[in-house]
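Source file data39.txt; content: compact mmCIF, C-alpha atoms and all ligand atoms.
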```
# COMPACT_ATOMS: atom_id res chain seq x y z
CA PHE A 1 132.81 88.57 82.03
CA ASP A 2 136.58 88.35 81.67
CA LEU A 3 136.91 89.56 78.08
CA ASP A 4 140.61 88.75 77.63
CA ALA A 5 140.22 85.20 78.93
CA PHE A 6 137.06 84.60 76.89
CA VAL A 7 138.72 85.77 73.65
CA ALA A 8 141.90 83.82 74.39
CA GLY A 9 139.87 80.64 74.91
CA LEU A 10 137.95 80.82 71.63
CA PRO A 11 139.27 78.63 68.80
CA LYS A 12 140.05 81.13 66.02
CA ALA A 13 141.33 81.40 62.48
CA GLU A 14 142.89 84.46 60.91
CA LEU A 15 141.80 85.23 57.34
CA HIS A 16 143.30 88.68 56.72
CA LEU A 17 146.98 88.91 57.51
CA HIS A 18 149.68 90.37 55.28
CA ILE A 19 152.80 88.45 56.25
CA GLU A 20 154.99 91.46 55.38
CA GLY A 21 152.84 93.43 57.83
CA SER A 22 153.86 91.12 60.67
CA LEU A 23 157.50 92.29 60.45
CA GLU A 24 158.19 93.69 63.92
CA PRO A 25 160.83 96.43 64.24
CA GLU A 26 163.08 94.08 66.27
CA LEU A 27 163.16 91.52 63.45
CA MET A 28 163.52 94.34 60.90
CA PHE A 29 166.72 95.42 62.67
CA GLU A 30 167.99 91.86 62.94
CA LEU A 31 167.42 91.18 59.23
CA ALA A 32 168.98 94.52 58.28
CA ARG A 33 172.09 93.59 60.26
CA ARG A 34 172.16 90.06 58.82
CA ASN A 35 171.86 91.39 55.26
CA GLY A 36 174.16 94.41 55.59
CA ILE A 37 171.38 96.94 55.06
CA THR A 38 171.35 100.35 56.77
CA LEU A 39 167.87 101.35 57.97
CA PRO A 40 166.89 105.04 57.96
CA PHE A 41 166.03 104.68 61.67
CA ALA A 42 168.37 104.77 64.67
CA SER A 43 166.41 102.38 66.89
CA VAL A 44 163.38 100.14 67.31
CA GLU A 45 161.72 103.01 69.21
CA ALA A 46 162.35 105.41 66.32
CA ILE A 47 160.70 102.95 63.93
CA ARG A 48 157.64 102.59 66.17
CA ALA A 49 157.44 106.38 66.49
CA ALA A 50 157.22 106.63 62.70
CA TYR A 51 154.07 104.48 62.72
CA ALA A 52 151.54 107.31 62.79
CA PHE A 53 149.34 107.21 59.71
CA SER A 54 146.54 109.39 58.46
CA ASN A 55 145.45 107.13 55.61
CA LEU A 56 146.23 103.89 53.75
CA GLN A 57 148.92 105.41 51.49
CA ASP A 58 150.87 106.82 54.48
CA PHE A 59 151.07 103.30 55.83
CA LEU A 60 151.86 101.63 52.51
CA ASP A 61 154.88 103.89 51.93
CA ILE A 62 156.53 102.79 55.19
CA TYR A 63 155.34 99.17 54.85
CA TYR A 64 157.00 98.75 51.43
CA GLN A 65 160.17 100.37 52.78
CA GLY A 66 160.24 97.97 55.76
CA ALA A 67 159.89 94.93 53.48
CA GLY A 68 163.25 95.84 51.90
CA VAL A 69 165.15 93.97 54.65
CA LEU A 70 163.62 90.65 53.51
CA GLN A 71 166.22 89.11 51.21
CA THR A 72 166.73 85.38 51.69
CA GLU A 73 164.59 82.28 52.01
CA ARG A 74 165.60 82.14 55.67
CA ASP A 75 164.31 85.73 56.18
CA PHE A 76 160.86 84.79 54.88
CA HIS A 77 160.90 81.57 56.93
CA ASP A 78 161.78 83.54 60.10
CA LEU A 79 159.11 86.14 59.32
CA ALA A 80 156.44 83.46 58.97
CA MET A 81 157.51 81.64 62.15
CA ALA A 82 157.49 84.88 64.15
CA TYR A 83 153.88 85.40 63.07
CA PHE A 84 152.78 81.83 63.82
CA THR A 85 154.40 82.04 67.26
CA ARG A 86 152.17 85.06 68.02
CA LEU A 87 149.10 83.35 66.55
CA ASN A 88 149.75 80.26 68.65
CA ALA A 89 150.02 82.38 71.80
CA ASP A 90 146.61 83.87 70.91
CA GLY A 91 144.98 80.45 70.53
CA GLY A 92 144.79 80.66 66.73
CA ARG A 93 144.40 77.31 64.97
CA HIS A 94 144.50 78.27 61.29
CA ALA A 95 145.64 81.19 59.12
CA GLU A 96 145.24 82.18 55.48
CA ILE A 97 148.12 84.53 54.87
CA PHE A 98 148.59 87.10 52.14
CA PHE A 99 151.92 87.79 50.53
CA ASP A 100 152.86 90.49 48.03
CA PRO A 101 155.32 88.87 45.59
CA GLN A 102 155.70 92.03 43.48
CA THR A 103 157.12 93.93 46.47
CA HIS A 104 160.00 91.47 46.37
CA THR A 105 160.39 90.52 42.70
CA ASP A 106 160.50 94.23 41.77
CA ARG A 107 163.69 94.56 43.89
CA GLY A 108 165.29 91.47 42.42
CA ILE A 109 164.26 88.78 44.91
CA PRO A 110 163.10 85.69 42.98
CA PHE A 111 159.51 84.51 43.50
CA SER A 112 160.88 81.11 44.58
CA VAL A 113 162.89 82.65 47.46
CA VAL A 114 159.75 84.27 48.85
CA ALA A 115 157.46 81.30 48.34
CA ASP A 116 159.92 78.62 49.54
CA GLY A 117 160.68 80.61 52.70
CA LEU A 118 157.02 81.18 53.57
CA LEU A 119 156.05 77.57 52.80
CA ALA A 120 158.89 76.33 55.05
CA GLY A 121 157.60 78.53 57.88
CA MET A 122 154.07 77.24 57.33
CA ALA A 123 155.26 73.62 57.47
CA GLN A 124 157.19 74.31 60.68
CA ALA A 125 154.12 75.94 62.30
CA GLU A 126 152.04 72.88 61.43
CA ARG A 127 154.66 70.56 62.97
CA GLU A 128 155.41 72.59 66.10
CA PHE A 129 152.05 74.20 66.89
CA GLY A 130 149.53 72.14 64.92
CA ILE A 131 148.51 75.37 63.17
CA SER A 132 147.28 74.84 59.61
CA SER A 133 147.68 77.57 57.02
CA LYS A 134 147.08 78.53 53.42
CA LEU A 135 148.82 81.01 51.15
CA ILE A 136 147.08 83.76 49.17
CA LEU A 137 149.04 85.62 46.49
CA CYS A 138 148.05 89.29 46.35
CA PHE A 139 148.40 91.45 43.26
CA LEU A 140 149.43 95.06 43.95
CA ARG A 141 146.58 97.11 42.50
CA HIS A 142 148.66 100.28 42.01
CA LEU A 143 150.62 98.31 39.38
CA ASP A 144 149.12 97.36 36.03
CA GLU A 145 147.31 94.28 34.79
CA GLU A 146 150.33 93.13 32.79
CA ALA A 147 152.46 93.03 35.96
CA ALA A 148 149.73 90.98 37.67
CA PHE A 149 149.73 88.50 34.76
CA ALA A 150 153.54 88.24 35.00
CA THR A 151 153.18 87.47 38.72
CA LEU A 152 150.60 84.76 38.04
CA LYS A 153 153.04 83.26 35.53
CA ALA A 154 155.92 83.39 38.03
CA ALA A 155 153.66 81.53 40.49
CA GLU A 156 152.96 78.71 38.02
CA PRO A 157 155.33 76.14 39.65
CA TYR A 158 153.71 76.87 43.05
CA LEU A 159 150.03 76.78 42.15
CA ASN A 160 149.49 73.46 43.93
CA ARG A 161 150.66 75.17 47.14
CA ILE A 162 148.84 78.49 46.68
CA THR A 163 145.15 78.55 47.56
CA GLY A 164 144.02 81.82 46.10
CA VAL A 165 144.70 85.27 44.79
CA GLY A 166 143.92 88.61 46.41
CA LEU A 167 144.10 92.30 45.60
CA ASP A 168 145.74 94.85 47.89
CA SER A 169 147.66 98.15 48.06
CA SER A 170 146.30 101.62 47.13
CA GLU A 171 142.57 101.19 46.64
CA VAL A 172 141.13 104.49 45.45
CA GLY A 173 141.71 104.95 41.71
CA HIS A 174 142.41 101.23 41.23
CA PRO A 175 138.98 99.58 41.03
CA PRO A 176 138.62 95.78 40.99
CA ALA A 177 137.57 95.87 37.31
CA LYS A 178 141.18 96.75 36.42
CA PHE A 179 142.03 93.12 37.32
CA GLU A 180 138.99 91.33 35.88
CA ARG A 181 140.97 89.34 33.30
CA VAL A 182 143.78 88.23 35.63
CA PHE A 183 141.25 87.11 38.25
CA LYS A 184 139.44 85.14 35.55
CA ALA A 185 142.74 83.50 34.57
CA ALA A 186 143.45 82.71 38.24
CA GLY A 187 139.99 81.14 38.60
CA GLU A 188 140.63 78.99 35.51
CA ARG A 189 143.77 77.69 37.25
CA GLY A 190 141.66 76.57 40.22
CA LEU A 191 142.58 79.43 42.54
CA LEU A 192 140.06 80.94 44.94
CA LYS A 193 139.62 84.72 44.93
CA VAL A 194 139.49 87.53 47.48
CA ALA A 195 139.91 91.29 47.15
CA HIS A 196 140.31 94.28 49.43
CA ALA A 197 137.25 96.44 48.77
CA GLY A 198 135.45 99.18 50.63
CA GLU A 199 138.34 99.99 52.99
CA GLU A 200 138.81 103.49 51.53
CA GLY A 201 137.08 102.82 48.22
CA PRO A 202 133.34 103.31 47.63
CA PRO A 203 130.58 100.66 47.74
CA GLU A 204 130.82 100.42 43.92
CA TYR A 205 134.21 98.72 44.36
CA VAL A 206 132.57 96.04 46.53
CA TRP A 207 129.91 95.46 43.83
CA GLU A 208 132.73 95.14 41.26
CA ALA A 209 134.64 92.67 43.41
CA LEU A 210 131.48 90.54 43.63
CA ASP A 211 130.23 90.81 40.06
CA ARG A 212 133.38 91.21 37.97
CA LEU A 213 136.04 89.42 40.04
CA ARG A 214 133.55 86.88 41.46
CA VAL A 215 135.37 86.82 44.80
CA ASP A 216 134.89 84.22 47.52
CA ARG A 217 135.49 86.78 50.31
CA ILE A 218 135.66 90.55 50.68
CA ASP A 219 138.61 91.95 52.64
CA HIS A 220 137.49 94.86 54.87
CA GLY A 221 134.18 95.82 53.21
CA ASN A 222 133.48 98.60 55.73
CA ARG A 223 132.01 101.04 53.23
CA SER A 224 129.43 98.46 52.13
CA LEU A 225 127.30 99.83 54.95
CA GLU A 226 126.69 103.00 52.90
CA ASP A 227 124.60 100.95 50.44
CA ALA A 228 121.55 99.04 51.74
CA ALA A 229 121.13 97.02 48.52
CA LEU A 230 124.75 95.93 48.83
CA THR A 231 124.46 94.84 52.47
CA ALA A 232 121.31 92.89 51.54
CA ARG A 233 123.25 91.16 48.75
CA LEU A 234 126.21 90.37 51.03
CA ALA A 235 123.91 88.96 53.70
CA ALA A 236 121.87 86.88 51.21
CA GLN A 237 125.06 85.48 49.70
CA GLU A 238 126.57 84.82 53.17
CA MET A 239 129.69 86.58 51.92
CA THR A 240 132.49 86.57 54.48
CA LEU A 241 133.97 89.99 55.32
CA THR A 242 137.46 90.01 56.83
CA VAL A 243 137.28 93.04 59.11
CA CYS A 244 140.38 94.54 60.76
CA PRO A 245 139.51 96.80 63.73
CA LEU A 246 142.94 98.10 64.80
CA SER A 247 143.91 98.64 61.16
CA ASN A 248 140.73 100.66 60.63
CA LEU A 249 141.59 102.82 63.64
CA LYS A 250 145.26 103.36 62.70
CA LEU A 251 144.46 104.16 59.06
CA CYS A 252 141.62 106.50 60.05
CA VAL A 253 138.95 104.37 58.35
CA VAL A 254 137.15 104.89 61.68
CA ASN A 255 137.76 107.89 63.94
CA ASP A 256 137.27 106.00 67.18
CA MET A 257 136.76 102.33 68.10
CA THR A 258 133.33 103.20 69.51
CA ALA A 259 132.35 104.14 65.93
CA HIS A 260 133.53 100.83 64.44
CA PRO A 261 130.87 99.25 62.16
CA LEU A 262 131.42 95.64 63.29
CA LYS A 263 128.38 95.48 65.58
CA ARG A 264 126.18 96.97 62.85
CA MET A 265 127.54 94.40 60.41
CA LEU A 266 126.54 91.56 62.73
CA ASP A 267 123.12 93.13 63.33
CA LEU A 268 122.59 93.30 59.56
CA GLY A 269 123.30 89.58 59.32
CA LEU A 270 126.67 90.00 57.63
CA LYS A 271 129.22 87.22 58.03
CA ALA A 272 132.01 89.26 59.59
CA THR A 273 135.32 88.03 60.98
CA VAL A 274 138.01 89.77 63.06
CA ASN A 275 141.60 89.96 61.81
CA SER A 276 144.85 91.83 62.40
CA ASP A 277 145.82 92.92 58.82
CA ASP A 278 149.36 94.24 59.52
CA PRO A 279 149.82 93.66 63.26
CA ALA A 280 153.41 94.92 63.52
CA TYR A 281 152.28 98.30 62.17
CA PHE A 282 148.84 98.62 63.76
CA GLY A 283 149.65 97.68 67.34
CA GLY A 284 148.02 94.32 67.95
CA TYR A 285 147.61 90.70 66.91
CA LEU A 286 144.40 88.71 66.67
CA ASN A 287 143.22 88.75 70.29
CA ALA A 288 144.06 92.45 70.68
CA ASN A 289 141.76 93.14 67.72
CA PHE A 290 138.92 91.14 69.29
CA VAL A 291 139.35 92.87 72.64
CA ALA A 292 139.64 96.40 71.22
CA VAL A 293 136.52 96.14 69.09
CA ALA A 294 134.56 94.29 71.78
CA LYS A 295 135.27 97.12 74.22
CA GLY A 296 134.62 99.79 71.62
CA VAL A 297 131.21 98.66 70.42
CA GLY A 298 130.12 96.38 73.25
CA LEU A 299 130.16 92.85 71.86
CA SER A 300 128.50 90.04 73.80
CA ARG A 301 129.96 86.59 74.33
CA ALA A 302 127.51 85.33 71.69
CA ASP A 303 128.82 87.97 69.23
CA LEU A 304 132.41 86.95 69.93
CA ALA A 305 131.60 83.27 69.48
CA THR A 306 129.85 84.07 66.17
CA LEU A 307 132.90 86.00 64.94
CA ALA A 308 135.25 83.16 65.89
CA ARG A 309 132.96 80.56 64.29
CA ASN A 310 132.73 82.68 61.11
CA SER A 311 136.53 82.62 60.86
CA PHE A 312 136.37 78.86 60.26
CA THR A 313 133.20 78.62 58.18
CA GLY A 314 134.48 81.55 56.09
CA SER A 315 137.89 79.96 55.64
CA PHE A 316 139.07 77.91 52.68
CA LEU A 317 139.24 74.75 54.78
CA ASP A 318 136.85 71.99 53.71
CA GLU A 319 133.89 71.11 55.94
CA GLU A 320 135.57 68.19 57.63
CA GLN A 321 138.63 70.30 58.49
CA VAL A 322 136.37 73.04 59.86
CA ALA A 323 134.53 70.53 62.05
CA LEU A 324 137.85 69.29 63.45
CA ARG A 325 138.88 72.81 64.48
CA LEU A 326 135.64 74.22 65.90
N1 LIG A 401 144.95 97.67 52.59
C1 LIG A 401 145.46 97.60 51.36
N2 LIG A 401 146.64 97.07 51.11
C2 LIG A 401 147.35 96.57 52.13
C3 LIG A 401 146.87 96.61 53.41
C4 LIG A 401 145.59 97.18 53.65
O1 LIG A 401 145.07 97.26 54.78
N3 LIG A 401 147.82 96.03 54.19
C5 LIG A 401 148.83 95.65 53.39
N4 LIG A 401 148.56 95.98 52.12
ZN ZN A 402 144.76 94.10 54.26
```

Translate this file's structure into C-alpha cells.
Amino acid sequence: FDLDAFVAGLPKAELHLHIEGSLEPELMFELARRNGITLPFASVEAIRAAYAFSNLQDFLDIYYQGAGVLQTERDFHDLAMAYFTRLNADGGRHAEIFFDPQTHTDRGIPFSVVADGLLAGMAQAEREFGISSKLILCFLRHLDEEAAFATLKAAEPYLNRITGVGLDSSEVGHPPAKFERVFKAAGERGLLKVAHAGEEGPPEYVWEALDRLRVDRIDHGNRSLEDAALTARLAAQEMTLTVCPLSNLKLCVVNDMTAHPLKRMLDLGLKATVNSDDPAYFGGYLNANFVAVAKGVGLSRADLATLARNSFTGSFLDEEQVALRL
C-alpha cells in the first residue's frame, strides 16, 4: 500500500510536542534578527549541522540555547503558528503541546508573555485550520522542587487555560518522586498529569510516575519493556504512551529504526501513540514519524489506524469531542 498517502489520510492528534522543539533554524534566525541577538552560527545550514546528538543531554544543551531567541509575545505566537501550519499539512486535527516556562522565566521573560503568545497562536490555529489544542506546562526536572512550585504559582492566573502539567528535561538522576508534592498540588488545582519516564531512565521511574505522581499518560515509556510486570500494569490500566520514533533514533534511545520497540508495544497490548517530540531538531513532523517507524518495524494499516485512534482516545478531549474528530 501507499504508506505516505495512508498516513496522510488518517485523522491524527499529537500528544507529545515541545513547542520550543518546533523552532526551525529559519525562524530562529528571523527571531534573532528581529530581537537583535547574535547567534553562534553563521547560517541555517551550520545550525542543522550542529544537530548531531549522542544522548538526551547533548540535545537539551542546544535546545535551551536555541530557545534564547524567543523574547516577545509575538515570537511565541509565531512559533506556535509555524507548528500548527505543519500539523495542518500533515492532517493533524488536535494537539496537546508542552511548554517549558522555566526556560524563559529564568532569562527574564515573564510567564504571561510566553503563555499569552502561545494561547494566541492556539486560537488562530483553531480559527484558520479548525485544529483544537491544549496546553501542558512542563516542569524542568533538573531544577528543584521549589522552582517547580514557583512556576505553578506563576501559572495561577492561567490555570483555566492550562490543561495539565508534565515533567521533562534531564531524566537520569531526577526521578519522578522528586516532584511528588508539586504534582499533588497541581492535581488539587484540577490539572491533569503526564511525565517523561523511561526514555533514558529505568523502569523504576515509570513505576514512580504511575504510583507517586499518579499520571494520566506516560511520555516515551520505552524502557518499560524491560519489566514484564510493568508492561502488564500499563496494559491493564490502558495507560497511553506517547512514543517518539525519530527522537528515539536521534537521541540514541534506539540504535536503528528496525530496533524500535513500537511494534512490540502494540503486540503487548500497550496503548501507544506516535509523536514528533522536537521536530525541528529530530528531522521530522508527525507523518514523518509514522512513516519512519512503519518502515522500520513493518506496521500494517491496522496498526497505523490503531495508533491514530489511540491519539484521540488517549488525548484530554472529552468523549464527545473525540467522536467528532475520529
Ligand atoms: N526528553 C526530555 N526532555 C525534553 C525532551 C525529551 O525528549 N524534549 C524536550 N525536552
Ligand atoms: Zn519529550

(message) So that I can check the surroundings of Leu246 of chain A, please list as an MDAnalysis selection string every protein, DNA and RNA residue that reaches within 8 Å of it, counting all atoms listed in the file and ignoring chain neighbours fewer than 5 positions away.
(response) chainID A and resid 276 282:284 289 292:293

(message) At a cut-off of 8 Å and counting all atoms listed in the file, what residues surround ligand LIG 401 (chain A)? Please answer as number ranges by chain.
(response) A: 17-18, 20-21, 56, 60, 63, 140, 167-171, 196, 199, 220, 247, 277-278

(message) Env of Ala125 of chain A: 10 Å cut, atoms = only C-alpha atoms, seq-sep filter 2 positions within chain, self excluded. Answer as a list in words.
(response)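 Those residues are Ala80, Met81, Ala82, Tyr83, Phe84, Thr85, Leu87, Asn88, His94, Leu119, Ala120, Gly121, Met122, Ala123, Arg127, Glu128, Phe129, Gly130, Ile131, Ser132 and Ser133 of chain A.
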
(request) Would you mind reading off the distance between atom CA of Ile162 of chain A and atom CA of Asp216 of chain A, one decimal, in Å? (result)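 These two atoms are separated by 15.1 Å.
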
(message) Please list as a ChimeraX atom specification every residue within 8 Å of Cys252 of chain A, counting all atoms listed in the file and excluding residues in the same chain fewer than 6 positions away.
(response) /A:53-55

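For the pair atom CA of Ala32 of chain A and atom CA of Leu137 of chain A, the interatomic distance is 24.8 Å.
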
(request) Would you mind telling me which residue in A:Leu251, A:Ala288, A:Thr151, A:Val7 lies nearest to ligand ZN 402 (chain A) when using only C-alpha atoms and all ligand atoms? (result)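 Distance minimum relative to ligand ZN 402 (chain A) lands on A:Leu251.
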
Taking the partial coordinates given, rebuild segment 60-85 of chain A to contain N, CA and C atoms; return it as a compact mmCIF listing (two decimals), in the coordinates of the input.
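Output below, filename rebuild05.txt:
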```
# COMPACT_ATOMS: atom_id res chain seq x y z
N LEU A 60 151.26 102.45 53.56
CA LEU A 60 151.86 101.63 52.51
C LEU A 60 153.29 102.08 52.21
N ASP A 61 153.54 103.38 52.23
CA ASP A 61 154.88 103.89 51.93
C ASP A 61 155.91 103.30 52.91
N ILE A 62 155.57 103.27 54.17
CA ILE A 62 156.53 102.79 55.19
C ILE A 62 156.57 101.26 55.23
N TYR A 63 155.44 100.64 54.90
CA TYR A 63 155.34 99.17 54.85
C TYR A 63 156.20 98.60 53.71
N TYR A 64 156.17 99.23 52.55
CA TYR A 64 157.00 98.75 51.43
C TYR A 64 158.48 98.99 51.73
N GLN A 65 158.79 100.10 52.39
CA GLN A 65 160.17 100.37 52.78
C GLN A 65 160.67 99.31 53.76
N GLY A 66 159.86 98.98 54.75
CA GLY A 66 160.24 97.97 55.76
C GLY A 66 160.53 96.62 55.13
N ALA A 67 159.75 96.25 54.12
CA ALA A 67 159.89 94.93 53.48
C ALA A 67 161.24 94.78 52.78
N GLY A 68 161.95 95.88 52.59
CA GLY A 68 163.25 95.84 51.90
C GLY A 68 164.31 95.02 52.62
N VAL A 69 164.15 94.77 53.92
CA VAL A 69 165.15 93.97 54.65
C VAL A 69 165.00 92.47 54.37
N LEU A 70 163.87 92.08 53.79
CA LEU A 70 163.62 90.65 53.51
C LEU A 70 164.35 90.27 52.22
N GLN A 71 165.37 89.43 52.36
CA GLN A 71 166.22 89.11 51.21
C GLN A 71 166.32 87.62 50.90
N THR A 72 166.43 86.81 51.92
CA THR A 72 166.73 85.38 51.69
C THR A 72 165.54 84.51 52.09
N GLU A 73 165.63 83.25 51.65
CA GLU A 73 164.59 82.28 52.01
C GLU A 73 164.47 82.19 53.54
N ARG A 74 165.61 82.21 54.21
CA ARG A 74 165.60 82.14 55.67
C ARG A 74 164.86 83.35 56.28
N ASP A 75 165.01 84.54 55.67
CA ASP A 75 164.31 85.73 56.18
C ASP A 75 162.79 85.52 56.13
N PHE A 76 162.31 85.00 55.02
CA PHE A 76 160.86 84.79 54.88
C PHE A 76 160.38 83.68 55.81
N HIS A 77 161.22 82.66 55.99
CA HIS A 77 160.90 81.57 56.93
C HIS A 77 160.80 82.14 58.36
N ASP A 78 161.78 82.94 58.75
CA ASP A 78 161.78 83.54 60.10
C ASP A 78 160.58 84.47 60.29
N LEU A 79 160.27 85.23 59.25
CA LEU A 79 159.11 86.14 59.32
C LEU A 79 157.83 85.35 59.58
N ALA A 80 157.65 84.27 58.82
CA ALA A 80 156.44 83.46 58.97
C ALA A 80 156.39 82.83 60.36
N MET A 81 157.52 82.29 60.83
CA MET A 81 157.51 81.64 62.15
C MET A 81 157.25 82.63 63.28
N ALA A 82 157.76 83.85 63.13
CA ALA A 82 157.49 84.88 64.15
C ALA A 82 155.99 85.14 64.24
N TYR A 83 155.33 85.20 63.07
CA TYR A 83 153.88 85.40 63.07
C TYR A 83 153.16 84.21 63.71
N PHE A 84 153.50 83.00 63.29
CA PHE A 84 152.78 81.83 63.82
C PHE A 84 153.00 81.67 65.32
N THR A 85 154.15 82.10 65.82
CA THR A 85 154.40 82.04 67.26
C THR A 85 153.40 82.95 68.00
```
